[in-house]
Amino acid sequence: MNPRDGLLPEAIEAFHAHHDCRSFACGDPEPDGYLKRFARQHAETKVSRTYVTINGAAILGYYSLAMSAIRKDQLPSRYPSPLSE
């Protein structure tokens, strides 16, 4: 989604299953991949909480919050990790 498209945010909401992230693209593969592959799983397992800025069905942007930082080697194997080796 390009800000020059004229879309302005309508709301900021907690990211849930009804949000369609398939068309979200900020131009950087790492944040795009996090939203598409890990944000929902991390919310369900309470690793982090993600909020999306939306206009209609379009996700314009997002941010994720975590209570603390966890080193990858300390993360239990049952939690998905977007971190590369």
# chains A, B, ... in the order shown; residues from 1 in each chain; ligands from 1
>>> select_by_dssp(residues="chain A", states="strand (DSSP E)", output="list in words")
Ala11, Ile12, Glu13, Ala14, Arg49, Thr50, Tyr51, Val52, Thr53, Ile54, Asn55, Ala58, Ile59, Leu60, Gly61, Tyr62, Tyr63, Ser64 and Leu65 of chain A
>>> write_last_selection(atoms="N, CA and C atoms", output="compact mmCIF listing (two decimals), in the first residue's frame")
# COMPACT_ATOMS: atom_id res chain seq x y z
N ALA A 11 -8.88 3.57 11.12
CA ALA A 11 -8.86 3.03 12.48
C ALA A 11 -7.55 2.30 12.74
N ILE A 12 -7.25 2.14 14.00
CA ILE A 12 -6.17 1.27 14.46
C ILE A 12 -6.83 0.20 15.31
N GLU A 13 -6.58 -1.06 14.95
CA GLU A 13 -7.24 -2.18 15.64
C GLU A 13 -6.22 -3.24 15.98
N ALA A 14 -6.52 -4.02 17.01
CA ALA A 14 -5.72 -5.21 17.29
C ALA A 14 -5.86 -6.17 16.12
N ARG A 49 1.76 -8.43 20.76
CA ARG A 49 0.44 -7.97 20.31
C ARG A 49 0.70 -7.05 19.13
N THR A 50 -0.01 -7.28 18.03
CA THR A 50 0.15 -6.47 16.82
C THR A 50 -1.12 -5.67 16.59
N TYR A 51 -0.93 -4.42 16.20
CA TYR A 51 -2.03 -3.53 15.85
C TYR A 51 -1.88 -3.11 14.40
N VAL A 52 -2.98 -3.03 13.69
CA VAL A 52 -2.96 -2.65 12.28
C VAL A 52 -3.71 -1.34 12.08
N THR A 53 -3.19 -0.53 11.17
CA THR A 53 -3.85 0.68 10.72
C THR A 53 -4.59 0.31 9.45
N ILE A 54 -5.89 0.56 9.42
CA ILE A 54 -6.69 0.08 8.29
C ILE A 54 -7.46 1.21 7.62
N ASN A 55 -7.81 0.96 6.37
CA ASN A 55 -8.76 1.76 5.61
C ASN A 55 -9.63 0.76 4.90
N ALA A 58 -8.22 -2.71 3.72
CA ALA A 58 -6.79 -2.60 3.44
C ALA A 58 -6.00 -2.30 4.71
N ILE A 59 -4.95 -3.06 4.94
CA ILE A 59 -4.01 -2.78 6.02
C ILE A 59 -2.98 -1.80 5.47
N LEU A 60 -2.89 -0.62 6.09
CA LEU A 60 -1.96 0.41 5.64
C LEU A 60 -0.61 0.30 6.33
N GLY A 61 -0.61 -0.24 7.54
CA GLY A 61 0.61 -0.37 8.32
C GLY A 61 0.32 -1.13 9.59
N TYR A 62 1.37 -1.40 10.35
CA TYR A 62 1.19 -2.12 11.61
C TYR A 62 2.35 -1.85 12.55
N TYR A 63 2.14 -2.16 13.81
CA TYR A 63 3.23 -2.18 14.78
C TYR A 63 2.96 -3.31 15.76
N SER A 64 4.02 -3.83 16.33
CA SER A 64 3.92 -4.92 17.30
C SER A 64 4.57 -4.50 18.60
N LEU A 65 3.96 -4.91 19.69
CA LEU A 65 4.48 -4.61 21.03
C LEU A 65 4.75 -5.92 21.76
>>> select_by_dssp(residues="chain A", states="helix (DSSP H, G or I)", output="list in words")
Pro3, Arg4, Asp5, Pro29, Glu30, Pro31, Asp32, Gly33, Tyr34, Leu35, Lys36, Arg37, Ala39, Arg40, Gln41, His42, Ala43, Glu44, Lys72, Asp73 and Gln74 of chain A
>>> residues_around(residues="Glu44 in chain A", least_positions_apart="3", cutoff="12 Å", atoms="only C-alpha atoms", output="CSV table (one decimal) with N, CA, C and O atoms, in the first residue's frame")
chain,number,residue,atom,x,y,z
A,14,ALA,N,-6.5,-4.0,17.0
A,14,ALA,CA,-5.7,-5.2,17.3
A,14,ALA,C,-5.9,-6.2,16.1
A,14,ALA,O,-6.9,-6.3,15.6
A,15,PHE,N,-4.8,-6.8,15.7
A,15,PHE,CA,-4.7,-7.7,14.6
A,15,PHE,C,-5.4,-9.0,14.9
A,15,PHE,O,-5.1,-9.6,15.9
A,16,HIS,N,-6.4,-9.4,14.1
A,16,HIS,CA,-7.2,-10.6,14.3
A,16,HIS,C,-7.3,-11.4,13.0
A,16,HIS,O,-7.0,-10.9,12.0
A,17,ALA,N,-7.9,-12.5,13.1
A,17,ALA,CA,-8.0,-13.4,11.9
A,17,ALA,C,-8.8,-12.8,10.8
A,17,ALA,O,-8.6,-13.1,9.7
A,38,PHE,N,3.9,-14.5,11.1
A,38,PHE,CA,4.1,-14.6,12.6
A,38,PHE,C,3.2,-13.8,13.5
A,38,PHE,O,3.0,-14.2,14.6
A,39,ALA,N,2.7,-12.7,13.0
A,39,ALA,CA,2.0,-11.8,13.9
A,39,ALA,C,0.8,-12.4,14.6
A,39,ALA,O,0.6,-12.3,15.8
A,40,ARG,N,0.0,-13.1,13.8
A,40,ARG,CA,-1.2,-13.8,14.4
A,40,ARG,C,-0.8,-14.9,15.4
A,40,ARG,O,-1.3,-15.0,16.5
A,41,GLN,N,0.2,-15.7,15.0
A,41,GLN,CA,0.7,-16.8,15.9
A,41,GLN,C,1.3,-16.2,17.2
A,41,GLN,O,1.0,-16.7,18.3
A,47,VAL,N,3.1,-13.9,22.8
A,47,VAL,CA,4.5,-13.4,22.7
A,47,VAL,C,4.5,-11.9,22.4
A,47,VAL,O,5.4,-11.2,22.9
A,48,SER,N,3.6,-11.4,21.6
A,48,SER,CA,3.5,-10.0,21.3
A,48,SER,C,2.0,-9.7,20.9
A,48,SER,O,1.2,-10.6,20.7
A,49,ARG,N,1.8,-8.4,20.8
A,49,ARG,CA,0.4,-8.0,20.3
A,49,ARG,C,0.7,-7.1,19.1
A,49,ARG,O,1.5,-6.1,19.2
A,50,THR,N,0.0,-7.3,18.0
A,50,THR,CA,0.2,-6.5,16.8
A,50,THR,C,-1.1,-5.7,16.6
A,50,THR,O,-2.2,-6.2,16.8
A,79,TYR,N,7.2,-21.8,20.1
A,79,TYR,CA,6.9,-20.5,19.6
A,79,TYR,C,7.6,-20.3,18.2
A,79,TYR,O,8.8,-20.5,18.1
A,80,PRO,N,6.9,-19.8,17.2
A,80,PRO,CA,7.5,-19.6,15.9
A,80,PRO,C,8.4,-18.4,16.0
A,80,PRO,O,8.1,-17.4,16.8
>>> closest_residue(among="A:Leu7, A:Lys36, A:Cys26, A:Lys46", to="Ser68 in chain A", atoms="only C-alpha atoms")
A:Lys46
